[in-house]
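Reviewing the structure listed below.
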Amino acid sequence: MRDAVIVDAVRTPTGRGREGGALASWHPVDLFALVLARLVERAGVDPGRIDDVIGGNVTQIGEQGGNLTRQAVLAAGYPEHVPATTVDRKCGSSQQAVHFAAQGVAAGAYDLVVAGGVEMLSRVRMQSNTAGADHLGEGVRARDPQGLVSQGIAAERIAAKWALDREALDAVALASHQRAHAATVEGRFDAEIVAVDTAAGTVTTDEGIRPSTSMEALAALQPAFASDEARRRHPELGWVVTAGNSSQISDGASAVLIAAADVAASLGLRARARVVDMAVVGDDPTMMLPAIMPATQKVLDRAGLTTDDIDLFEVNEAFASVPLAWQREFDVPDDRLNVNGGAIALGHPLGCSGTRLMTTLLCELERRGGRYGLQVMCEAGGQANATIIERL
């Protein structure tokens, strides 16, 4: 099998996913097209050489319906013969796109392929594609009569299982904002961010970072999922998850150019990293988010590595309880985990987040001179993707 290498990776800044957010004036197709165009421009690649474009998107309805990745490819000015498809593995959608791309390269089906994703939660509301519909079916209801829990309840269940109190979760949130702010001020994101022009000006930084927040401000927030009905149904939970220690609803797009190592060399392209190995797992859907634990172990085992071999980890901050429980399981020190902040500060534009994390992980490995990076994403329905890359 051929090695799959990462040639380049770009992302937009993240905007708040609400009316008036920094990127809210952009159609999702056009925002994705922006990063697709900038990606090949930066790499110096003829877009006509691209074998496929695989885009992640979760809420595939309205402006994000109709295989928006194909529309973005056309809007980006790629030739008509370049195909595209859109995949949905919830929060890990664009990370799954990377997996499909790297697998296609390894198998010999692709020479050059783009993996990326977009989500505009200011324009297409989360879960609007399932609103009012029974999307579980009788088989799932027979398995779990109460239905699958929401991600908020799942985050509470993680906090209860790993005995994570409110102060610990708020500390993760505070660190996320502080690290993201420091990274922004020091210019660590400059190499990865594509500026976005709007009527209000050019957006070059992530909108959701709150450098002035504090433990006191976070402590003042009320639990986000503790309705009367939720408290009745789940008396065992501690209700420690708030808007402040959860990921932000956001807009954004990102993309990664993946090539066969021999093709990259023949075209004079610099291979920045190698995709070492990949894993995807399913886990208990009623707990939902801890699938990151078996996914991490599986990808490490496949690669023949341990956590001691990994220089940097990106564990998506869907909720503070997720990376904190993961950290308790794997005993990874703070200085190797989400070092530039995570989705609590930077935002979580669902379909974009997988390749956003990959872009940030790659750039930080290069900045530090590290060798291996591991990324893992929890996903609705009790799944997780994990990927190991090696800086070249």
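All residue names refer to the structure tokens as shown: chains lettered A, B, ... in order, residues numbered from 1 in each chain, ligands numbered from 1 in order.
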Next on the checklist: Just want the 10 Å neighbourhood of A:Gly238, counted on only C-alpha atoms, with same-chain residues fewer than 4 positions away dropped. Output as a ChimeraX atom specification.
Outcome noted: /A:156-157,159-160,163-166,223,226,231,234
Residues of stretch 153-249 of chain A that approach stretch 41-53 of chain A to 12 Å or less, counting only C-alpha atoms: could you list each one with the shortest pair of atoms and its distance in Å to one decimal, rows by chain and increasing residue number, as a Markdown table?
| residue | atom | partner | partner_atom | distance |
| --- | --- | --- | --- | --- |
| A:Ala191 | CA | A:Arg42 | CA | 10.9 |
| A:Glu192 | CA | A:Arg42 | CA | 10.8 |
| A:Ile193 | CA | A:Arg42 | CA | 11.9 |
| A:Val194 | CA | A:Arg42 | CA | 10.5 |
With C-alpha atoms retained, write the just-selected residues as a JSON list (two decimals), in the first residue's frame.
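The new file result10.json reads:
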[["chain", "number", "residue", "atom", "x", "y", "z"],
["A", 191, "ALA", "CA", -0.39, 29.73, 8.95],
["A", 192, "GLU", "CA", -3.64, 27.79, 8.94],
["A", 193, "ILE", "CA", -6.32, 30.49, 8.68],
["A", 194, "VAL", "CA", -7.76, 31.76, 5.40]]
Point to revise | 8 Å contact set for A:Arg123, only C-alpha atoms, chain neighbours under 5 positions out, as a VMD selection string | key: chain A and resid 17 to 19 24 63
Closest-contact table, stretch 102-217 of chain A side, partner stretch 355-360 of chain A, 9 Å, counting only C-alpha atoms, as JSON lines:
{"residue": "A:Ala115", "atom": "CA", "partner": "A:Thr355", "partner_atom": "CA", "distance": 7.6}
{"residue": "A:Gly116", "atom": "CA", "partner": "A:Thr355", "partner_atom": "CA", "distance": 5.7}
{"residue": "A:Gly117", "atom": "CA", "partner": "A:Thr355", "partner_atom": "CA", "distance": 6.9}
{"residue": "A:Arg188", "atom": "CA", "partner": "A:Thr360", "partner_atom": "CA", "distance": 9.0}
{"residue": "A:Phe189", "atom": "CA", "partner": "A:Thr360", "partner_atom": "CA", "distance": 7.4}
{"residue": "A:Glu192", "atom": "CA", "partner": "A:Thr359", "partner_atom": "CA", "distance": 6.6}
Put those residues in a file: N, CA and C atoms, as an mmCIF file, in the first residue's frame.
data_model
loop_
_atom_site.group_PDB
_atom_site.id
_atom_site.type_symbol
_atom_site.label_atom_id
_atom_site.label_comp_id
_atom_site.auth_asym_id
_atom_site.auth_seq_id
_atom_site.Cartn_x
_atom_site.Cartn_y
_atom_site.Cartn_z
ATOM 1 N N ALA A 115 -9.951 16.320 1.385
ATOM 2 C CA ALA A 115 -10.908 15.999 2.450
ATOM 3 C C ALA A 115 -11.156 17.271 3.249
ATOM 4 N N GLY A 116 -12.403 17.535 3.567
ATOM 5 C CA GLY A 116 -12.703 18.753 4.321
ATOM 6 C C GLY A 116 -14.110 18.722 4.858
ATOM 7 N N GLY A 117 -14.604 19.895 5.212
ATOM 8 C CA GLY A 117 -15.960 19.957 5.732
ATOM 9 C C GLY A 117 -16.392 21.378 6.016
ATOM 10 N N ARG A 188 -0.014 31.795 16.313
ATOM 11 C CA ARG A 188 0.133 30.366 16.026
ATOM 12 C C ARG A 188 -0.882 29.858 15.012
ATOM 13 N N PHE A 189 -1.994 30.568 14.865
ATOM 14 C CA PHE A 189 -3.016 30.148 13.904
ATOM 15 C C PHE A 189 -2.828 30.795 12.524
ATOM 16 N N GLU A 192 -2.543 28.697 9.300
ATOM 17 C CA GLU A 192 -3.639 27.791 8.937
ATOM 18 C C GLU A 192 -4.915 28.501 8.530
#
Interface rows for stretch 11-69 of chain A against stretch 128-137 of chain A: nearest pair, Å to one decimal, 12 Å, only C-alpha atoms, as JSON lines:
{"residue": "A:Asn57", "atom": "CA", "partner": "A:Asn129", "partner_atom": "CA", "distance": 11.7}
{"residue": "A:Val58", "atom": "CA", "partner": "A:Asn129", "partner_atom": "CA", "distance": 9.0}
{"residue": "A:Thr59", "atom": "CA", "partner": "A:Asn129", "partner_atom": "CA", "distance": 5.9}
{"residue": "A:Gln60", "atom": "CA", "partner": "A:Asn129", "partner_atom": "CA", "distance": 6.6}
{"residue": "A:Ile61", "atom": "CA", "partner": "A:Asn129", "partner_atom": "CA", "distance": 5.7}
{"residue": "A:Gly62", "atom": "CA", "partner": "A:Asn129", "partner_atom": "CA", "distance": 8.6}
{"residue": "A:Glu63", "atom": "CA", "partner": "A:Asn129", "partner_atom": "CA", "distance": 11.3}
{"residue": "A:Gln64", "atom": "CA", "partner": "A:Asn129", "partner_atom": "CA", "distance": 10.0}
{"residue": "A:Gly65", "atom": "CA", "partner": "A:Asn129", "partner_atom": "CA", "distance": 9.4}
Residues from last step as file, N, CA and C atoms, as an mmCIF file, in the first residue's frame:
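Wrote it out as selection10.cif, contents follow:
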data_model
loop_
_atom_site.group_PDB
_atom_site.id
_atom_site.type_symbol
_atom_site.label_atom_id
_atom_site.label_comp_id
_atom_site.auth_asym_id
_atom_site.auth_seq_id
_atom_site.Cartn_x
_atom_site.Cartn_y
_atom_site.Cartn_z
ATOM 1 N N ASN A 57 -20.371 17.073 6.379
ATOM 2 C CA ASN A 57 -21.436 17.991 6.771
ATOM 3 C C ASN A 57 -22.500 17.202 7.511
ATOM 4 N N VAL A 58 -22.996 17.750 8.602
ATOM 5 C CA VAL A 58 -23.915 17.016 9.467
ATOM 6 C C VAL A 58 -25.375 17.327 9.142
ATOM 7 N N THR A 59 -25.696 18.592 8.964
ATOM 8 C CA THR A 59 -27.099 18.977 8.805
ATOM 9 C C THR A 59 -27.377 19.205 7.324
ATOM 10 N N GLN A 60 -27.618 18.117 6.622
ATOM 11 C CA GLN A 60 -27.728 18.153 5.173
ATOM 12 C C GLN A 60 -29.175 18.412 4.758
ATOM 13 N N ILE A 61 -29.527 19.677 4.867
ATOM 14 C CA ILE A 61 -30.877 20.121 4.521
ATOM 15 C C ILE A 61 -30.794 21.589 4.125
ATOM 16 N N GLY A 62 -31.756 22.063 3.339
ATOM 17 C CA GLY A 62 -31.773 23.471 2.958
ATOM 18 C C GLY A 62 -30.500 23.857 2.228
ATOM 19 N N GLU A 63 -29.838 24.905 2.672
ATOM 20 C CA GLU A 63 -28.626 25.388 2.013
ATOM 21 C C GLU A 63 -27.478 24.387 2.092
ATOM 22 N N GLN A 64 -27.584 23.415 2.983
ATOM 23 C CA GLN A 64 -26.539 22.404 3.094
ATOM 24 C C GLN A 64 -26.977 21.062 2.508
ATOM 25 N N GLY A 65 -28.081 21.047 1.809
ATOM 26 C CA GLY A 65 -28.564 19.821 1.201
ATOM 27 C C GLY A 65 -28.036 19.655 -0.218
#
Judged by only C-alpha atoms, the minimum distance to A:Gly252 among A:Cys378, A:Leu237, A:Leu350, A:Ala224 is found for A:Leu350
A straight line from atom CA of A:Asn67 to atom CA of A:Leu23 spans 21.1 Å
Filtered DSSP result for stretch 97-334 of chain A, state helix (DSSP H, G or I), as a short mmCIF file (atom, residue, chain, number, x, y, z; two decimals) with N, CA and C atoms, in the first residue's frame:
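Written file, result.cif:
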data_model
loop_
_atom_site.label_atom_id
_atom_site.label_comp_id
_atom_site.auth_asym_id
_atom_site.auth_seq_id
_atom_site.Cartn_x
_atom_site.Cartn_y
_atom_site.Cartn_z
N ALA A 97 -13.84 11.97 6.44
CA ALA A 97 -13.45 12.30 5.07
C ALA A 97 -11.96 12.09 4.87
N VAL A 98 -11.14 12.47 5.86
CA VAL A 98 -9.70 12.22 5.80
C VAL A 98 -9.43 10.72 5.73
N HIS A 99 -10.15 9.93 6.54
CA HIS A 99 -9.97 8.49 6.52
C HIS A 99 -10.28 7.91 5.14
N PHE A 100 -11.42 8.31 4.57
CA PHE A 100 -11.78 7.81 3.25
C PHE A 100 -10.73 8.21 2.21
N ALA A 101 -10.25 9.45 2.31
CA ALA A 101 -9.25 9.93 1.37
C ALA A 101 -7.95 9.14 1.49
N ALA A 102 -7.47 8.97 2.73
CA ALA A 102 -6.21 8.24 2.93
C ALA A 102 -6.35 6.78 2.54
N GLN A 103 -7.51 6.19 2.81
CA GLN A 103 -7.74 4.80 2.41
C GLN A 103 -7.74 4.66 0.90
N GLY A 104 -8.33 5.64 0.21
CA GLY A 104 -8.34 5.60 -1.24
C GLY A 104 -6.95 5.72 -1.83
N VAL A 105 -6.11 6.56 -1.22
CA VAL A 105 -4.72 6.68 -1.66
C VAL A 105 -3.97 5.38 -1.41
N ALA A 106 -4.11 4.83 -0.21
CA ALA A 106 -3.40 3.60 0.13
C ALA A 106 -3.79 2.46 -0.80
N ALA A 107 -5.05 2.42 -1.19
CA ALA A 107 -5.54 1.34 -2.06
C ALA A 107 -5.19 1.54 -3.52
N GLY A 137 -36.59 4.56 14.38
CA GLY A 137 -37.16 3.30 13.90
C GLY A 137 -37.47 2.35 15.04
N GLU A 138 -38.24 1.34 14.73
CA GLU A 138 -38.70 0.40 15.75
C GLU A 138 -37.56 -0.43 16.34
N GLY A 139 -36.58 -0.78 15.52
CA GLY A 139 -35.49 -1.61 16.02
C GLY A 139 -34.69 -0.94 17.10
N VAL A 140 -34.40 0.35 16.94
CA VAL A 140 -33.65 1.09 17.97
C VAL A 140 -34.52 1.26 19.20
N ARG A 141 -35.79 1.54 19.01
CA ARG A 141 -36.66 1.74 20.18
C ARG A 141 -36.84 0.43 20.94
N ALA A 142 -36.83 -0.69 20.25
CA ALA A 142 -36.92 -1.97 20.95
C ALA A 142 -35.66 -2.22 21.78
N ARG A 143 -34.52 -1.75 21.28
CA ARG A 143 -33.26 -1.93 21.99
C ARG A 143 -33.18 -1.00 23.20
N GLN A 151 -26.93 14.64 23.58
CA GLN A 151 -25.50 14.74 23.88
C GLN A 151 -25.27 15.44 25.22
N GLY A 152 -26.14 16.36 25.57
CA GLY A 152 -25.99 17.03 26.87
C GLY A 152 -26.13 16.06 28.02
N ILE A 153 -27.12 15.18 27.95
CA ILE A 153 -27.28 14.15 28.98
C ILE A 153 -26.09 13.20 28.96
N ALA A 154 -25.61 12.87 27.76
CA ALA A 154 -24.43 12.01 27.67
C ALA A 154 -23.23 12.66 28.34
N ALA A 155 -23.06 13.96 28.16
CA ALA A 155 -21.95 14.67 28.82
C ALA A 155 -22.10 14.63 30.33
N GLU A 156 -23.34 14.74 30.82
CA GLU A 156 -23.59 14.63 32.26
C GLU A 156 -23.27 13.22 32.75
N ARG A 157 -23.61 12.22 31.94
CA ARG A 157 -23.33 10.83 32.34
C ARG A 157 -21.83 10.57 32.44
N ILE A 158 -21.06 11.16 31.53
CA ILE A 158 -19.61 11.03 31.62
C ILE A 158 -19.11 11.67 32.90
N ALA A 159 -19.59 12.87 33.20
CA ALA A 159 -19.16 13.56 34.41
C ALA A 159 -19.48 12.72 35.65
N ALA A 160 -20.65 12.09 35.67
CA ALA A 160 -21.02 11.27 36.82
C ALA A 160 -20.16 10.01 36.91
N LYS A 161 -19.94 9.35 35.77
CA LYS A 161 -19.17 8.09 35.79
C LYS A 161 -17.73 8.32 36.21
N ARG A 166 -18.13 20.20 38.96
CA ARG A 166 -18.33 21.43 38.19
C ARG A 166 -17.05 22.25 38.11
N GLU A 167 -16.31 22.34 39.19
CA GLU A 167 -15.08 23.13 39.18
C GLU A 167 -14.06 22.57 38.19
N ALA A 168 -13.96 21.26 38.11
CA ALA A 168 -13.02 20.63 37.17
C ALA A 168 -13.41 20.93 35.73
N LEU A 169 -14.71 20.87 35.43
CA LEU A 169 -15.16 21.16 34.08
C LEU A 169 -14.93 22.63 33.73
N ASP A 170 -15.23 23.51 34.64
CA ASP A 170 -15.02 24.93 34.39
C ASP A 170 -13.54 25.26 34.22
N ALA A 171 -12.67 24.53 34.91
CA ALA A 171 -11.23 24.74 34.75
C ALA A 171 -10.78 24.37 33.35
N VAL A 172 -11.34 23.30 32.78
CA VAL A 172 -11.04 22.93 31.40
C VAL A 172 -11.49 24.05 30.45
N ALA A 173 -12.68 24.59 30.69
CA ALA A 173 -13.21 25.66 29.85
C ALA A 173 -12.33 26.90 29.92
N LEU A 174 -11.94 27.28 31.12
CA LEU A 174 -11.09 28.46 31.28
C LEU A 174 -9.77 28.27 30.55
N ALA A 175 -9.17 27.10 30.71
CA ALA A 175 -7.90 26.82 30.03
C ALA A 175 -8.05 26.89 28.52
N SER A 176 -9.19 26.42 28.00
CA SER A 176 -9.43 26.46 26.56
C SER A 176 -9.39 27.89 26.05
N HIS A 177 -10.08 28.79 26.72
CA HIS A 177 -10.09 30.19 26.31
C HIS A 177 -8.71 30.82 26.46
N GLN A 178 -8.04 30.54 27.55
CA GLN A 178 -6.72 31.14 27.77
C GLN A 178 -5.72 30.66 26.73
N ARG A 179 -5.75 29.37 26.42
CA ARG A 179 -4.81 28.83 25.44
C ARG A 179 -5.12 29.33 24.03
N ALA A 180 -6.40 29.38 23.68
CA ALA A 180 -6.78 29.86 22.35
C ALA A 180 -6.41 31.34 22.20
N HIS A 181 -6.61 32.11 23.25
CA HIS A 181 -6.25 33.53 23.19
C HIS A 181 -4.74 33.70 23.03
N ALA A 182 -3.97 32.94 23.80
CA ALA A 182 -2.51 33.03 23.69
C ALA A 182 -2.04 32.62 22.30
N ALA A 183 -2.64 31.56 21.74
CA ALA A 183 -2.27 31.11 20.41
C ALA A 183 -2.58 32.18 19.36
N THR A 184 -3.71 32.87 19.53
CA THR A 184 -4.09 33.92 18.60
C THR A 184 -3.13 35.10 18.68
N VAL A 185 -2.86 35.55 19.88
CA VAL A 185 -1.97 36.69 20.08
C VAL A 185 -0.57 36.40 19.57
N MET A 215 -13.11 31.86 36.34
CA MET A 215 -13.80 30.79 37.06
C MET A 215 -15.07 31.31 37.70
N GLU A 216 -15.04 32.55 38.15
CA GLU A 216 -16.22 33.14 38.79
C GLU A 216 -17.35 33.32 37.77
N ALA A 217 -16.99 33.79 36.56
CA ALA A 217 -18.01 33.99 35.52
C ALA A 217 -18.58 32.65 35.08
N LEU A 218 -17.73 31.65 34.94
CA LEU A 218 -18.20 30.33 34.53
C LEU A 218 -19.08 29.71 35.61
N ALA A 219 -18.71 29.92 36.87
CA ALA A 219 -19.48 29.34 37.98
C ALA A 219 -20.88 29.93 38.08
N ASP A 228 -36.89 20.19 34.20
CA ASP A 228 -37.64 19.41 35.19
C ASP A 228 -37.81 17.97 34.73
N GLU A 229 -38.09 17.79 33.44
CA GLU A 229 -38.26 16.45 32.90
C GLU A 229 -36.95 15.67 32.95
N ALA A 230 -35.84 16.34 32.63
CA ALA A 230 -34.54 15.67 32.67
C ALA A 230 -34.18 15.27 34.09
N ARG A 231 -34.45 16.14 35.03
CA ARG A 231 -34.15 15.82 36.44
C ARG A 231 -35.00 14.63 36.91
N ARG A 232 -36.23 14.58 36.44
CA ARG A 232 -37.09 13.46 36.83
C ARG A 232 -36.59 12.15 36.26
N ARG A 233 -36.18 12.18 35.00
CA ARG A 233 -35.76 10.96 34.33
C ARG A 233 -34.35 10.53 34.73
N ALA A 261 2.39 9.46 -1.56
CA ALA A 261 3.73 10.00 -1.33
C ALA A 261 4.54 10.07 -2.62
N ASP A 262 4.44 9.04 -3.45
CA ASP A 262 5.22 9.04 -4.69
C ASP A 262 4.70 10.08 -5.68
N VAL A 263 3.41 10.31 -5.68
CA VAL A 263 2.84 11.32 -6.57
C VAL A 263 3.24 12.72 -6.10
N ALA A 264 3.18 12.95 -4.79
CA ALA A 264 3.61 14.24 -4.26
C ALA A 264 5.06 14.53 -4.67
N ALA A 265 5.92 13.53 -4.54
CA ALA A 265 7.33 13.71 -4.91
C ALA A 265 7.48 14.01 -6.39
N SER A 266 6.72 13.31 -7.23
CA SER A 266 6.84 13.51 -8.67
C SER A 266 6.36 14.89 -9.10
N LEU A 289 -20.64 9.39 24.25
CA LEU A 289 -19.41 10.12 23.99
C LEU A 289 -18.12 9.42 24.40
N PRO A 290 -18.11 8.40 25.26
CA PRO A 290 -16.84 7.76 25.64
C PRO A 290 -16.23 6.85 24.59
N ALA A 291 -16.79 6.77 23.39
CA ALA A 291 -16.18 5.96 22.33
C ALA A 291 -14.77 6.41 22.01
N ILE A 292 -14.41 7.62 22.41
CA ILE A 292 -13.04 8.10 22.18
C ILE A 292 -12.01 7.25 22.90
N MET A 293 -12.39 6.59 23.99
CA MET A 293 -11.42 5.76 24.71
C MET A 293 -11.03 4.51 23.89
N PRO A 294 -12.00 3.67 23.48
CA PRO A 294 -11.60 2.52 22.67
C PRO A 294 -11.03 2.92 21.31
N ALA A 295 -11.48 4.04 20.75
CA ALA A 295 -10.93 4.48 19.47
C ALA A 295 -9.45 4.84 19.61
N THR A 296 -9.12 5.54 20.69
CA THR A 296 -7.71 5.89 20.95
C THR A 296 -6.87 4.65 21.10
N GLN A 297 -7.33 3.70 21.90
CA GLN A 297 -6.55 2.49 22.13
C GLN A 297 -6.40 1.69 20.84
N LYS A 298 -7.47 1.65 20.04
CA LYS A 298 -7.42 0.89 18.80
C LYS A 298 -6.40 1.46 17.83
N VAL A 299 -6.38 2.78 17.66
CA VAL A 299 -5.45 3.37 16.70
C VAL A 299 -4.01 3.26 17.20
N LEU A 300 -3.81 3.37 18.51
CA LEU A 300 -2.46 3.17 19.05
C LEU A 300 -1.99 1.74 18.81
N ASP A 301 -2.86 0.79 19.06
CA ASP A 301 -2.50 -0.62 18.85
C ASP A 301 -2.20 -0.89 17.37
N ARG A 302 -3.01 -0.34 16.49
CA ARG A 302 -2.79 -0.54 15.06
C ARG A 302 -1.45 0.03 14.62
N ALA A 303 -1.09 1.17 15.21
CA ALA A 303 0.16 1.83 14.82
C ALA A 303 1.38 1.29 15.56
N THR A 307 0.85 6.07 24.22
CA THR A 307 0.65 7.51 24.44
C THR A 307 1.99 8.22 24.67
N ASP A 308 2.97 7.52 25.19
CA ASP A 308 4.28 8.14 25.42
C ASP A 308 4.96 8.54 24.11
N ASP A 309 4.58 7.89 23.01
CA ASP A 309 5.18 8.19 21.71
C ASP A 309 4.54 9.42 21.05
N SER A 321 -16.31 17.58 29.91
CA SER A 321 -16.22 16.26 30.53
C SER A 321 -15.57 15.24 29.61
N VAL A 322 -15.62 15.46 28.29
CA VAL A 322 -15.10 14.48 27.34
C VAL A 322 -13.58 14.40 27.37
N PRO A 323 -12.84 15.48 27.09
CA PRO A 323 -11.38 15.37 27.17
C PRO A 323 -10.87 15.11 28.58
N LEU A 324 -11.62 15.58 29.59
CA LEU A 324 -11.16 15.36 30.96
C LEU A 324 -11.26 13.89 31.35
N ALA A 325 -12.36 13.24 30.99
CA ALA A 325 -12.47 11.80 31.26
C ALA A 325 -11.42 11.03 30.47
N TRP A 326 -11.22 11.42 29.20
CA TRP A 326 -10.20 10.78 28.36
C TRP A 326 -8.82 10.94 29.01
N GLN A 327 -8.54 12.12 29.52
CA GLN A 327 -7.24 12.38 30.15
C GLN A 327 -7.05 11.52 31.40
N ARG A 328 -8.12 11.33 32.15
CA ARG A 328 -8.04 10.47 33.34
C ARG A 328 -7.71 9.03 32.92
N GLU A 329 -8.27 8.59 31.80
CA GLU A 329 -8.05 7.22 31.34
C GLU A 329 -6.63 7.00 30.82
N PHE A 330 -6.08 7.98 30.12
CA PHE A 330 -4.79 7.78 29.45
C PHE A 330 -3.63 8.50 30.13
N ASP A 334 -1.16 17.87 30.72
CA ASP A 334 -1.81 19.03 30.12
C ASP A 334 -1.02 19.63 28.97
#
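For the choices A:Asn245, A:Ser150, A:Ser94, A:Gln127, the atom-to-atom distance to A:Ser353 is smallest for A:Ser94 when using only C-alpha atoms.
For the choices A:Asp197, A:Glu390, A:Glu314, A:Asp331, the atom-to-atom distance to A:Leu361 is smallest for A:Glu314 when using only C-alpha atoms.
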re atom CA of A:Thr85 and atom CA of A:Leu68: distance 8.1 Å
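Proximity to A:Gly56 was assessed for A:Cys91, A:Val240, A:Met278, A:Leu31 counting only C-alpha atoms; the smallest distance is recorded for A:Cys91.
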Restricting to only C-alpha atoms, whichever of A:Ile249, A:Leu39, A:Ile6, A:Val203 is closest to A:Gly351 is A:Ile249
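Put simply, atom CA of A:Ala343 is 8.3 Å away from atom CA of A:Phe319.
Closest approach to A:Ser25 among A:Asp277, A:Pro211, A:Gly342, A:Gly201 is made by A:Gly201 (distances from only C-alpha atoms).
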